[in-house]
>>> print(open('entry_3.cif').read())   # mmCIF, C-alpha atoms and all ligand atoms
data_entry
loop_
_atom_site.label_atom_id
_atom_site.label_comp_id
_atom_site.auth_asym_id
_atom_site.auth_seq_id
_atom_site.Cartn_x
_atom_site.Cartn_y
_atom_site.Cartn_z
CA MET A 244 267.44 -3.44 -81.60
CA ASP A 245 266.68 -3.39 -77.89
CA LEU A 246 266.62 -7.01 -76.78
CA LYS A 247 265.84 -6.31 -73.14
CA ALA A 248 262.43 -7.25 -71.84
CA GLY A 249 261.11 -5.44 -68.80
CA ILE A 250 261.40 -6.99 -65.38
CA HIS A 251 258.57 -7.50 -62.91
CA GLN A 252 258.98 -7.87 -59.17
CA VAL A 253 256.24 -9.98 -57.64
CA SER A 254 257.54 -10.09 -54.04
CA ASP A 255 260.75 -9.79 -52.00
CA HIS A 256 261.63 -13.26 -53.34
CA PHE A 257 260.50 -13.32 -56.93
CA TRP A 258 261.26 -11.47 -60.19
CA TYR A 259 260.47 -12.43 -63.77
CA SER A 260 260.79 -11.09 -67.30
CA GLU A 261 258.32 -11.43 -70.15
CA PRO A 262 259.26 -13.50 -73.20
CA MET A 263 260.45 -11.84 -76.41
CA ARG A 264 259.72 -13.00 -79.93
CA TYR A 265 263.04 -11.78 -81.32
CA GLY A 266 265.47 -14.69 -81.29
CA SER A 267 262.95 -16.76 -79.31
CA ARG A 268 263.77 -15.53 -75.82
CA PRO A 269 261.47 -17.21 -73.28
CA ALA A 270 260.32 -15.80 -69.94
CA LEU A 271 262.92 -16.10 -67.17
CA ALA A 272 262.63 -15.73 -63.40
CA VAL A 273 264.62 -15.77 -60.18
CA TYR A 274 263.64 -16.90 -56.69
CA LEU A 275 265.65 -15.64 -53.73
CA ALA A 276 266.00 -18.32 -51.02
CA GLY A 277 268.06 -17.00 -48.11
CA ASP A 278 271.39 -16.11 -49.63
CA VAL A 279 271.06 -18.31 -52.72
CA LEU A 280 269.55 -17.09 -55.96
CA TYR A 281 267.62 -19.72 -57.91
CA ARG A 282 267.32 -19.03 -61.61
CA LEU A 283 264.23 -20.50 -63.26
CA ASP A 284 265.31 -21.41 -66.79
CA GLY A 285 268.63 -20.46 -68.29
CA GLY A 286 267.70 -18.39 -71.32
CA ASN A 287 268.63 -19.02 -74.94
CA SER A 288 272.16 -17.59 -74.82
CA PRO A 289 274.71 -16.06 -72.46
CA GLN A 290 273.56 -12.67 -73.74
CA HIS A 291 269.95 -13.41 -72.86
CA ARG A 292 271.05 -14.52 -69.38
CA GLU A 293 273.14 -11.40 -68.83
CA ASP A 294 270.46 -9.03 -70.15
CA PHE A 295 268.04 -10.55 -67.66
CA LEU A 296 270.41 -10.63 -64.68
CA ASN A 297 271.48 -7.05 -65.26
CA MET A 298 267.95 -5.87 -64.67
CA LEU A 299 267.94 -7.33 -61.14
CA PRO A 300 268.99 -5.40 -58.02
CA GLU A 301 272.79 -5.38 -57.94
CA GLU A 302 273.12 -7.11 -54.56
CA LEU A 303 271.47 -10.26 -56.01
CA LEU A 304 274.18 -10.64 -58.63
CA ARG A 305 276.86 -11.34 -56.04
CA LEU A 306 274.99 -14.31 -54.52
CA PRO A 307 275.72 -17.98 -55.17
CA ARG A 308 273.37 -19.26 -57.83
CA LYS A 309 271.52 -22.42 -58.78
CA LEU A 310 269.69 -22.95 -62.05
CA VAL A 311 266.56 -25.05 -62.49
CA LEU A 312 265.81 -25.99 -66.09
CA THR A 313 262.13 -26.65 -66.78
CA HIS A 314 263.17 -28.70 -69.81
CA GLY A 315 266.08 -29.08 -72.19
CA HIS A 316 265.09 -27.12 -75.30
CA TRP A 317 267.84 -24.82 -76.57
CA ASP A 318 265.97 -21.59 -75.89
CA HIS A 319 265.75 -22.50 -72.18
CA SER A 320 269.13 -24.14 -71.68
CA PHE A 321 271.82 -22.49 -73.83
CA GLY A 322 272.05 -19.60 -71.35
CA ALA A 323 273.16 -21.92 -68.52
CA GLU A 324 276.44 -21.03 -66.86
CA PRO A 325 278.15 -24.28 -65.83
CA GLY A 326 280.76 -23.73 -63.18
CA ARG A 327 279.09 -20.58 -61.93
CA GLU A 328 275.77 -22.25 -61.12
CA GLU A 329 274.66 -25.72 -60.08
CA ILE A 330 272.13 -26.99 -62.63
CA LEU A 331 269.02 -28.90 -61.60
CA VAL A 332 266.99 -30.93 -64.11
CA SER A 333 264.55 -33.84 -64.14
CA PRO A 334 265.89 -37.30 -65.12
CA GLU A 335 263.92 -37.11 -68.38
CA THR A 336 265.53 -33.80 -69.26
CA ALA A 337 268.95 -35.21 -68.36
CA ALA A 338 268.33 -38.20 -70.64
CA TRP A 339 267.06 -35.93 -73.40
CA MET A 340 270.17 -33.82 -73.13
CA SER A 341 272.52 -36.77 -73.13
CA ILE A 342 272.36 -37.42 -76.86
CA PRO A 343 273.15 -35.19 -79.83
CA TYR A 344 270.78 -32.44 -80.82
CA TYR A 345 270.19 -31.30 -84.37
CA PRO A 346 267.97 -28.23 -84.44
CA SER A 347 265.14 -27.98 -86.96
CA GLU A 348 265.17 -25.29 -89.64
CA TYR A 349 262.92 -23.30 -87.32
CA GLY A 350 265.39 -23.62 -84.43
CA LYS A 351 268.35 -22.80 -86.66
CA LYS A 352 266.67 -19.60 -87.81
CA TYR A 353 266.27 -18.37 -84.23
CA ILE A 354 269.73 -19.53 -83.15
CA ALA A 355 271.18 -17.50 -86.05
CA MET A 356 269.17 -14.45 -84.99
CA GLU A 357 270.23 -14.72 -81.36
CA TYR A 358 273.90 -15.46 -82.01
CA GLY A 359 274.33 -13.25 -85.05
CA ALA A 360 275.83 -16.10 -87.10
CA PRO A 361 274.46 -19.06 -89.05
CA TYR A 362 273.96 -22.23 -87.03
CA GLY A 363 277.18 -24.26 -87.14
CA LYS A 364 279.25 -21.09 -87.13
CA ALA A 365 277.50 -19.59 -84.11
CA ASP A 366 279.69 -19.48 -81.03
CA ILE A 367 277.75 -21.09 -78.18
CA PRO A 368 280.12 -20.40 -75.29
CA GLY A 369 280.14 -22.73 -72.33
CA PHE A 370 277.65 -25.17 -73.76
CA PRO A 371 280.05 -27.80 -75.14
CA ALA A 372 281.90 -27.85 -71.84
CA TRP A 373 278.73 -28.49 -69.93
CA ASP A 374 278.96 -32.15 -69.00
CA ARG A 375 277.57 -32.24 -65.50
CA LEU A 376 273.98 -31.68 -64.44
CA VAL A 377 273.39 -32.16 -60.74
CA CYS A 378 270.46 -32.59 -58.44
CA ASP A 379 270.08 -34.41 -55.14
CA ARG A 380 266.30 -34.25 -54.72
CA PRO A 381 264.00 -37.26 -55.18
CA GLY A 382 261.62 -35.48 -57.58
CA VAL A 383 264.44 -34.00 -59.60
CA GLU A 384 266.91 -36.82 -59.57
CA CYS A 385 270.65 -36.78 -59.70
CA ALA A 386 272.01 -37.10 -63.18
CA LEU A 387 275.44 -37.06 -64.68
CA VAL A 388 275.34 -36.24 -68.32
CA LYS A 389 278.01 -36.29 -70.96
CA LYS A 390 276.88 -34.82 -74.23
CA GLU A 391 278.31 -35.73 -77.59
CA ASN A 392 279.54 -32.73 -79.54
CA GLY A 393 278.00 -30.54 -76.87
CA LEU A 394 274.61 -30.91 -78.53
CA ILE A 395 271.32 -32.55 -77.65
CA MET A 396 268.27 -34.02 -79.37
CA GLU A 397 264.82 -35.42 -78.63
CA HIS A 398 264.16 -39.14 -78.36
CA GLY A 399 261.19 -41.42 -77.54
CA ILE A 400 258.37 -41.04 -75.06
CA ALA A 401 258.97 -41.92 -71.42
CA VAL A 402 256.43 -43.52 -69.09
CA PRO A 403 253.88 -40.88 -68.01
CA MET A 404 254.03 -39.66 -64.43
CA ASP A 405 250.60 -39.72 -62.90
CA PRO A 406 250.22 -38.08 -60.48
CA PRO A 407 253.03 -35.54 -60.92
CA ILE A 408 256.01 -35.79 -58.57
CA ARG A 409 256.31 -32.82 -56.24
CA GLU A 410 259.36 -31.74 -54.29
CA GLU A 411 260.16 -28.59 -52.37
CA ILE A 412 263.64 -27.74 -53.68
CA VAL A 413 264.04 -25.06 -51.07
CA PRO A 414 261.45 -23.58 -48.66
CA GLY A 415 258.84 -21.78 -50.74
CA LEU A 416 259.90 -23.14 -54.14
CA GLU A 417 258.48 -26.40 -55.38
CA ALA A 418 259.53 -28.38 -58.48
CA ILE A 419 256.67 -30.40 -59.96
CA ARG A 420 257.70 -33.05 -62.44
CA VAL A 421 254.94 -33.63 -64.97
CA SER A 422 254.04 -35.67 -67.99
CA CYS A 423 253.07 -33.36 -70.82
CA ASP A 424 253.27 -33.42 -74.60
CA HIS A 425 255.76 -30.61 -74.99
CA HIS A 426 258.70 -32.28 -73.23
CA GLU A 427 258.43 -35.39 -71.07
CA GLY A 428 259.46 -34.77 -67.47
CA SER A 429 259.06 -30.99 -67.66
CA LEU A 430 259.30 -29.20 -64.35
CA LEU A 431 256.69 -26.68 -63.27
CA LEU A 432 258.04 -24.33 -60.62
CA TYR A 433 255.55 -23.23 -58.01
CA CYS A 434 256.02 -20.49 -55.43
CA LYS A 435 253.40 -21.16 -52.82
CA GLU A 436 253.55 -17.86 -50.95
CA GLU A 437 253.28 -15.76 -54.12
CA LYS A 438 250.90 -18.26 -55.79
CA VAL A 439 253.05 -17.98 -58.89
CA LEU A 440 253.30 -20.90 -61.31
CA PHE A 441 256.27 -20.81 -63.67
CA VAL A 442 254.74 -22.96 -66.43
CA SER A 443 257.39 -22.32 -69.07
CA ASP A 444 256.49 -24.44 -72.15
CA ALA A 445 254.64 -27.27 -70.38
CA LEU A 446 251.22 -26.20 -71.66
CA TYR A 447 252.37 -25.96 -75.26
CA ASN A 448 251.63 -28.81 -77.57
CA GLY A 449 254.35 -31.13 -78.66
CA ASN A 450 256.04 -30.83 -82.02
CA LEU A 451 256.62 -33.66 -84.42
CA ASP A 452 258.61 -31.59 -86.87
CA TRP A 453 258.49 -28.10 -85.37
CA ASN A 454 256.95 -26.64 -88.50
CA ALA A 455 253.63 -28.35 -89.01
CA LYS A 456 252.33 -31.17 -86.86
CA LYS A 457 251.68 -29.97 -83.36
CA TYR A 458 249.89 -32.32 -81.04
CA TYR A 459 248.34 -33.04 -77.65
CA SER A 460 247.05 -36.37 -76.48
CA SER A 461 243.53 -35.86 -75.07
CA GLU A 462 243.96 -38.15 -72.07
CA ARG A 463 247.35 -36.83 -71.08
CA PHE A 464 246.22 -33.23 -71.48
CA LEU A 465 243.14 -33.78 -69.32
CA ARG A 466 245.23 -35.45 -66.59
CA PHE A 467 247.66 -32.55 -66.73
CA THR A 468 245.05 -29.78 -66.53
CA ALA A 469 243.12 -31.65 -63.80
CA PHE A 470 246.32 -31.44 -61.77
CA LEU A 471 246.84 -27.76 -62.65
CA ASP A 472 243.35 -27.14 -61.31
CA THR A 473 244.46 -28.27 -57.85
CA LEU A 474 247.04 -25.48 -57.61
CA ASP A 475 246.14 -22.07 -56.21
CA VAL A 476 247.48 -19.75 -58.92
CA ASN A 477 247.42 -15.95 -59.05
CA LEU A 478 249.99 -15.58 -61.81
CA ALA A 479 251.00 -18.08 -64.49
CA ILE A 480 254.24 -17.36 -66.35
CA LEU A 481 254.31 -18.93 -69.80
CA GLY A 482 257.43 -19.59 -71.83
CA HIS A 483 256.47 -17.67 -74.95
CA ASP A 484 253.26 -15.80 -74.19
CA ALA A 485 252.32 -12.95 -71.90
CA ALA A 486 251.88 -13.99 -68.27
CA LEU A 487 248.29 -14.73 -67.24
CA THR A 488 246.32 -13.88 -64.13
CA GLY A 489 244.90 -16.90 -62.30
CA GLN A 490 241.50 -16.28 -63.90
CA GLN A 491 242.96 -16.03 -67.43
CA PHE A 492 245.00 -19.16 -66.84
CA ARG A 493 241.95 -21.15 -65.77
CA GLU A 494 240.00 -19.86 -68.79
CA ARG A 495 242.81 -20.84 -71.17
CA CYS A 496 242.96 -24.37 -69.70
CA ALA A 497 239.15 -24.66 -69.84
CA ARG A 498 239.10 -23.72 -73.54
CA TRP A 499 241.63 -26.39 -74.46
CA ASN A 500 240.00 -28.86 -72.10
CA ARG A 501 236.85 -28.55 -74.20
CA ALA A 502 238.78 -29.63 -77.30
CA ALA A 503 240.46 -32.42 -75.29
CA GLU A 504 237.10 -33.71 -74.02
CA LEU A 505 235.49 -33.58 -77.47
CA SER A 506 238.37 -35.45 -79.11
CA ARG A 507 238.73 -38.16 -76.46
CA GLY A 508 239.27 -41.53 -78.12
CA ILE A 509 239.05 -40.01 -81.64
CA THR A 510 241.97 -40.09 -84.06
CA ASP A 511 240.61 -38.92 -87.43
CA GLU A 512 239.05 -35.75 -88.78
CA ASN A 513 235.92 -37.33 -90.32
CA THR A 514 234.87 -39.09 -87.13
CA MET A 515 235.56 -35.89 -85.21
CA THR A 516 233.41 -33.76 -87.51
CA GLU A 517 230.57 -36.29 -87.51
CA TYR A 518 230.65 -36.59 -83.73
CA TYR A 519 230.56 -32.83 -83.32
CA ARG A 520 227.69 -32.53 -85.82
CA ASP A 521 225.70 -35.18 -83.92
CA ILE A 522 226.02 -33.22 -80.69
CA HIS A 523 225.69 -29.62 -81.94
CA GLY A 524 223.89 -29.96 -85.26
CA GLU A 525 226.59 -27.97 -87.06
CA GLU A 526 230.24 -28.12 -88.14
CA PRO A 527 232.91 -27.06 -85.61
CA GLU A 528 234.15 -23.51 -86.16
CA GLU A 529 237.53 -23.11 -87.84
CA CYS A 530 239.48 -22.16 -84.72
CA LEU A 531 237.96 -25.04 -82.71
CA MET A 532 238.74 -27.44 -85.58
CA LYS A 533 242.35 -26.28 -85.50
CA GLU A 534 242.56 -27.07 -81.78
CA LEU A 535 240.77 -30.40 -82.29
CA HIS A 536 243.29 -31.24 -85.00
CA TRP A 537 246.16 -30.97 -82.49
CA PHE A 538 244.41 -33.56 -80.32
CA LEU A 539 243.64 -35.90 -83.22
CA VAL A 540 247.33 -35.91 -84.19
CA GLY A 541 248.28 -36.48 -80.53
CA ASN A 542 245.76 -39.30 -80.14
CA ARG A 543 247.04 -41.02 -83.29
CA ARG A 544 250.58 -40.72 -82.02
CA GLU A 545 249.66 -42.00 -78.56
CA ARG A 546 247.82 -44.99 -80.07
CA CYS A 547 250.90 -45.80 -82.15
CA VAL A 548 253.17 -45.69 -79.11
CA CYS A 549 250.76 -47.82 -77.03
CA GLN A 550 250.57 -50.47 -79.77
CA LYS A 551 254.37 -50.65 -79.81
CA ASN A 552 254.56 -50.73 -75.99
CA PRO A 553 251.50 -52.67 -74.74
CA ASP A 554 252.53 -52.23 -71.08
CA ARG A 555 251.84 -48.49 -71.18
FE FE A 601 260.25 -25.89 -75.20
FE FE A 602 260.60 -22.54 -75.45
#
>>> encode(input="entry_3.cif", output="C-alpha cells", more="lines below")
Ligand SMILES: [Fe+2]
Ligand SMILES: [Fe+2]
Amino acid sequence: MDLKAGIHQVSDHFWYSEPMRYGSRPALAVYLAGDVLYRLDGGNSPQHREDFLNMLPEELLRLPRKLVLTHGHWDHSFGAEPGREEILVSPETAAWMSIPYYPSEYGKKYIAMEYGAPYGKADIPGFPAWDRLVCDRPGVECALVKKENGLIMEHGIAVPMDPPIREEIVPGLEAIRVSCDHHEGSLLLYCKEEKVLFVSDALYNGNLDWNAKKYYSSERFLRFTAFLDTLDVNLAILGHDAALTGQQFRERCARWNRAAELSRGITDENTMTEYYRDIHGEEPEECLMKELHWFLVGNRRERCVCQKNPDR
C-alpha cells in the first residue's frame, strides 16, 4: 500500500501534505524561516515523518529543524525526532504528556496498522527516550517533561484561555494557544503572509471515550469560532480532513455555530427538541440533531466541571 500523501507548496516558505485515513496519518506542514525548518506537527510515526520529509526539496532536509506540536495526541507526536529537532509545545500539552498514556481500543487499532504490530509489541523508536520538551516563548512556555514508561494520557480540564494567547515564534509564523474541546492548550499555527491557518485537530470535538461520546461546549465553541473569525484565512489545514479554502472554512464554522447557538444553556435532548420546535414549528433534521447532541454532551460535561470548580 502506498502510504505517501501528495505534497502541496503554498509559497517559498510553506509546504503541507493532506491527511491519510490509513493508520490515522494527520496533515503535516513545514515553514522555512531563514535557514531553520519548522515542522508543524510530528506525524504518527518515524515512518510518517520520513515519508513526508522525503517529498520536500532535498536542500531543506539538511537544515536545522524545530518541531511545533499542536497538541500531544499520539498521531501528531509519535513522529517527533528528539535530539534532531527542538520540540515546542504549550504548557497544557507538556502537562498532558507528562503522565502515562493508555490508548483507547480505537487508538490501538491505528497504532497497530501504522507500526505493523499489535500495540504493546509495536516498536515506537525514540519516543521513550523523549524526556525534554523545550520552548522559550511566553505563549508557548518552557516545559521540562519526564514521561513515565514513555507514554502519555489525558487528564482534567485546564482553565480556559480567553482571549487566546498569540506569539510570533519566528517572523511570519505565529503560535496561537487556544482553549478548545479537543485538547486544552492546542496551538493553531498561522502564517500571516500566506494567510494559512494550520488548524490541526482544534476544531474537532472532544472525546470522552473515543468511540461514542463526542462533545463541544456551546460557550467555548462560540468563543473559539468568534476568534477564528478575526483571522484572515485563505487556506485552513485540518488534521484529518481535506484542507479548506477560506470560504469553505467560514461556512463550516458557521454551520457548527448554528448548532452551538441553538444549544446554548441546554443540556438535555428533550428540552433541545422542544426549544427547536417552538422556534421552527418542526423537529430538527437528523444531521442537525446529531450536531446538537455533541453540544448537549459538552454542555452537561461543562456544567459538571463548573459545579466541581465554582471559580471557573
Ligand atoms: Fe487530536
Ligand atoms: Fe489527530
>>> atom_distance(input="entry_3.cif", atom1="CA of Tyr433 in chain A", atom2="CA of Glu494 in chain A")
19.2 Å
>>> residues_near_ligand(input="entry_3.cif", ligand="ligand FE 602 (chain A)", cutoff="12 Å", atoms="only C-alpha atoms and all ligand atoms", output="PyMOL selection string")
chain A and resi 262-264+266-271+284-287+312-321+350+353+425-426+429+442-450+453+481-484
>>> atom_distance(input="entry_3.cif", atom1="CA of Leu471 in chain A", atom2="CA of Trp499 in chain A")
13.0 Å
>>> closest_residue(input="entry_3.cif", among="A:Thr336, A:Ser461, A:Ser288, A:Gln252", to="Gly322 in chain A", atoms="all atoms listed in the file")
A:Ser288
>>> axis_aligned_box(input="entry_3.cif", around="range 271-285 of chain A", padding_each_side="3 Å", output="lines of an AutoDock Vina configuration file")
center_x = 267.0
center_y = -18.5
center_z = -58.2
size_x = 14.8
size_y = 11.8
size_z = 26.2
>>> residues_around(input="entry_3.cif", residues="Asn500 in chain A", least_positions_apart="3", cutoff="12 Å", atoms="only C-alpha atoms", output="list in words")
Leu446, Tyr459, Ser460, Ser461, Glu462, Arg463, Phe464, Leu465, Arg466, Phe467, Thr468, Ala469, Leu471, Asp472, Arg493, Glu494, Arg495, Cys496, Ala497, Ala503, Glu504, Leu505, Ser506, Arg507, Leu531, Glu534, Leu535 and Phe538 of chain A
>>> closest_residue(input="entry_3.cif", among="A:Ala360, A:Leu430, A:Ala479, A:Ala355", to="ligand FE 601 (chain A)", atoms="only C-alpha atoms and all ligand atoms")
A:Leu430
>>> closest_residue(input="entry_3.cif", among="A:Pro527, A:Gly363, A:Gly428, A:Gly277", to="ligand FE 601 (chain A)", atoms="all atoms listed in the file")
A:Gly428
>>> decode(input="entry_3.cif", residues="range 480-515 of chain A", atoms="N, CA and C atoms", output="PDB file, in the first residue's frame")
ATOM      1  N   ILE A 480      -5.817  24.247   7.110  1.00  0.00           N
ATOM      2  CA  ILE A 480      -5.356  22.860   7.033  1.00  0.00           C
ATOM      3  C   ILE A 480      -5.842  22.115   8.274  1.00  0.00           C
ATOM      4  N   LEU A 481      -6.687  21.128   8.046  1.00  0.00           N
ATOM      5  CA  LEU A 481      -7.292  20.372   9.147  1.00  0.00           C
ATOM      6  C   LEU A 481      -6.535  19.074   9.373  1.00  0.00           C
ATOM      7  N   GLY A 482      -6.540  18.602  10.614  1.00  0.00           N
ATOM      8  CA  GLY A 482      -5.777  17.410  10.950  1.00  0.00           C
ATOM      9  C   GLY A 482      -6.169  16.176  10.161  1.00  0.00           C
ATOM     10  N   HIS A 483      -7.472  15.952  10.015  1.00  0.00           N
ATOM     11  CA  HIS A 483      -7.916  14.686   9.418  1.00  0.00           C
ATOM     12  C   HIS A 483      -8.969  14.857   8.338  1.00  0.00           C
ATOM     13  N   ASP A 484      -9.056  16.028   7.777  1.00  0.00           N
ATOM     14  CA  ASP A 484      -9.978  16.274   6.660  1.00  0.00           C
ATOM     15  C   ASP A 484      -9.242  17.050   5.593  1.00  0.00           C
ATOM     16  N   ALA A 485      -9.822  17.057   4.400  1.00  0.00           N
ATOM     17  CA  ALA A 485      -9.199  17.825   3.312  1.00  0.00           C
ATOM     18  C   ALA A 485      -9.089  19.289   3.725  1.00  0.00           C
ATOM     19  N   ALA A 486      -8.038  19.948   3.259  1.00  0.00           N
ATOM     20  CA  ALA A 486      -7.861  21.372   3.546  1.00  0.00           C
ATOM     21  C   ALA A 486      -9.019  22.162   2.931  1.00  0.00           C
ATOM     22  N   LEU A 487      -9.340  23.296   3.565  1.00  0.00           N
ATOM     23  CA  LEU A 487     -10.476  24.104   3.121  1.00  0.00           C
ATOM     24  C   LEU A 487     -10.000  25.465   2.630  1.00  0.00           C
ATOM     25  N   THR A 488     -10.677  25.990   1.620  1.00  0.00           N
ATOM     26  CA  THR A 488     -10.433  27.386   1.251  1.00  0.00           C
ATOM     27  C   THR A 488     -10.984  28.248   2.386  1.00  0.00           C
ATOM     28  N   GLY A 489     -10.640  29.536   2.372  1.00  0.00           N
ATOM     29  CA  GLY A 489     -11.130  30.439   3.412  1.00  0.00           C
ATOM     30  C   GLY A 489     -12.653  30.425   3.464  1.00  0.00           C
ATOM     31  N   GLN A 490     -13.275  30.454   2.293  1.00  0.00           N
ATOM     32  CA  GLN A 490     -14.739  30.477   2.211  1.00  0.00           C
ATOM     33  C   GLN A 490     -15.344  29.204   2.817  1.00  0.00           C
ATOM     34  N   GLN A 491     -14.769  28.054   2.435  1.00  0.00           N
ATOM     35  CA  GLN A 491     -15.277  26.768   2.966  1.00  0.00           C
ATOM     36  C   GLN A 491     -15.105  26.702   4.480  1.00  0.00           C
ATOM     37  N   PHE A 492     -13.983  27.236   4.938  1.00  0.00           N
ATOM     38  CA  PHE A 492     -13.691  27.217   6.373  1.00  0.00           C
ATOM     39  C   PHE A 492     -14.731  28.049   7.138  1.00  0.00           C
ATOM     40  N   ARG A 493     -15.027  29.211   6.606  1.00  0.00           N
ATOM     41  CA  ARG A 493     -16.015  30.079   7.270  1.00  0.00           C
ATOM     42  C   ARG A 493     -17.407  29.424   7.253  1.00  0.00           C
ATOM     43  N   GLU A 494     -17.721  28.750   6.133  1.00  0.00           N
ATOM     44  CA  GLU A 494     -19.024  28.076   6.053  1.00  0.00           C
ATOM     45  C   GLU A 494     -19.122  26.933   7.067  1.00  0.00           C
ATOM     46  N   ARG A 495     -18.011  26.174   7.189  1.00  0.00           N
ATOM     47  CA  ARG A 495     -18.004  25.060   8.146  1.00  0.00           C
ATOM     48  C   ARG A 495     -18.220  25.582   9.575  1.00  0.00           C
ATOM     49  N   CYS A 496     -17.486  26.649   9.923  1.00  0.00           N
ATOM     50  CA  CYS A 496     -17.633  27.226  11.273  1.00  0.00           C
ATOM     51  C   CYS A 496     -19.053  27.732  11.470  1.00  0.00           C
ATOM     52  N   ALA A 497     -19.622  28.359  10.428  1.00  0.00           N
ATOM     53  CA  ALA A 497     -20.974  28.942  10.559  1.00  0.00           C
ATOM     54  C   ALA A 497     -22.001  27.833  10.809  1.00  0.00           C
ATOM     55  N   ARG A 498     -21.811  26.681  10.136  1.00  0.00           N
ATOM     56  CA  ARG A 498     -22.769  25.587  10.301  1.00  0.00           C
ATOM     57  C   ARG A 498     -22.767  25.090  11.750  1.00  0.00           C
ATOM     58  N   TRP A 499     -21.568  24.900  12.293  1.00  0.00           N
ATOM     59  CA  TRP A 499     -21.486  24.407  13.670  1.00  0.00           C
ATOM     60  C   TRP A 499     -21.853  25.504  14.676  1.00  0.00           C
ATOM     61  N   ASN A 500     -21.603  26.746  14.287  1.00  0.00           N
ATOM     62  CA  ASN A 500     -22.010  27.847  15.164  1.00  0.00           C
ATOM     63  C   ASN A 500     -23.516  27.843  15.370  1.00  0.00           C
ATOM     64  N   ARG A 501     -24.240  27.475  14.317  1.00  0.00           N
ATOM     65  CA  ARG A 501     -25.705  27.438  14.403  1.00  0.00           C
ATOM     66  C   ARG A 501     -26.115  26.437  15.493  1.00  0.00           C
ATOM     67  N   ALA A 502     -25.497  25.257  15.463  1.00  0.00           N
ATOM     68  CA  ALA A 502     -25.808  24.251  16.484  1.00  0.00           C
ATOM     69  C   ALA A 502     -25.385  24.743  17.874  1.00  0.00           C
ATOM     70  N   ALA A 503     -24.246  25.440  17.938  1.00  0.00           N
ATOM     71  CA  ALA A 503     -23.759  25.960  19.224  1.00  0.00           C
ATOM     72  C   ALA A 503     -24.725  27.001  19.770  1.00  0.00           C
ATOM     73  N   GLU A 504     -25.199  27.892  18.906  1.00  0.00           N
ATOM     74  CA  GLU A 504     -26.142  28.941  19.332  1.00  0.00           C
ATOM     75  C   GLU A 504     -27.441  28.320  19.834  1.00  0.00           C
ATOM     76  N   LEU A 505     -27.966  27.371  19.024  1.00  0.00           N
ATOM     77  CA  LEU A 505     -29.247  26.744  19.377  1.00  0.00           C
ATOM     78  C   LEU A 505     -29.187  26.015  20.721  1.00  0.00           C
ATOM     79  N   SER A 506     -28.027  25.425  21.015  1.00  0.00           N
ATOM     80  CA  SER A 506     -27.922  24.570  22.207  1.00  0.00           C
ATOM     81  C   SER A 506     -27.406  25.318  23.434  1.00  0.00           C
ATOM     82  N   ARG A 507     -27.176  26.610  23.292  1.00  0.00           N
ATOM     83  CA  ARG A 507     -26.642  27.402  24.404  1.00  0.00           C
ATOM     84  C   ARG A 507     -27.470  27.214  25.678  1.00  0.00           C
ATOM     85  N   GLY A 508     -26.824  26.829  26.745  1.00  0.00           N
ATOM     86  CA  GLY A 508     -27.519  26.704  28.032  1.00  0.00           C
ATOM     87  C   GLY A 508     -28.397  25.459  28.148  1.00  0.00           C
ATOM     88  N   ILE A 509     -28.429  24.607  27.113  1.00  0.00           N
ATOM     89  CA  ILE A 509     -29.290  23.414  27.151  1.00  0.00           C
ATOM     90  C   ILE A 509     -28.412  22.170  27.324  1.00  0.00           C
ATOM     91  N   THR A 510     -28.896  21.242  28.158  1.00  0.00           N
ATOM     92  CA  THR A 510     -28.071  20.062  28.422  1.00  0.00           C
ATOM     93  C   THR A 510     -28.795  18.743  28.142  1.00  0.00           C
ATOM     94  N   ASP A 511     -30.101  18.802  27.803  1.00  0.00           N
ATOM     95  CA  ASP A 511     -30.774  17.519  27.545  1.00  0.00           C
ATOM     96  C   ASP A 511     -31.570  17.552  26.243  1.00  0.00           C
ATOM     97  N   GLU A 512     -31.754  16.372  25.680  1.00  0.00           N
ATOM     98  CA  GLU A 512     -32.337  16.208  24.351  1.00  0.00           C
ATOM     99  C   GLU A 512     -33.791  16.698  24.288  1.00  0.00           C
ATOM    100  N   ASN A 513     -34.584  16.408  25.325  1.00  0.00           N
ATOM    101  CA  ASN A 513     -35.998  16.797  25.292  1.00  0.00           C
ATOM    102  C   ASN A 513     -36.161  18.313  25.239  1.00  0.00           C
ATOM    103  N   THR A 514     -35.432  19.001  26.120  1.00  0.00           N
ATOM    104  CA  THR A 514     -35.509  20.467  26.128  1.00  0.00           C
ATOM    105  C   THR A 514     -35.064  21.021  24.775  1.00  0.00           C
ATOM    106  N   MET A 515     -34.009  20.400  24.231  1.00  0.00           N
ATOM    107  CA  MET A 515     -33.489  20.855  22.934  1.00  0.00           C
ATOM    108  C   MET A 515     -34.549  20.722  21.840  1.00  0.00           C
TER     109      MET A 515
END
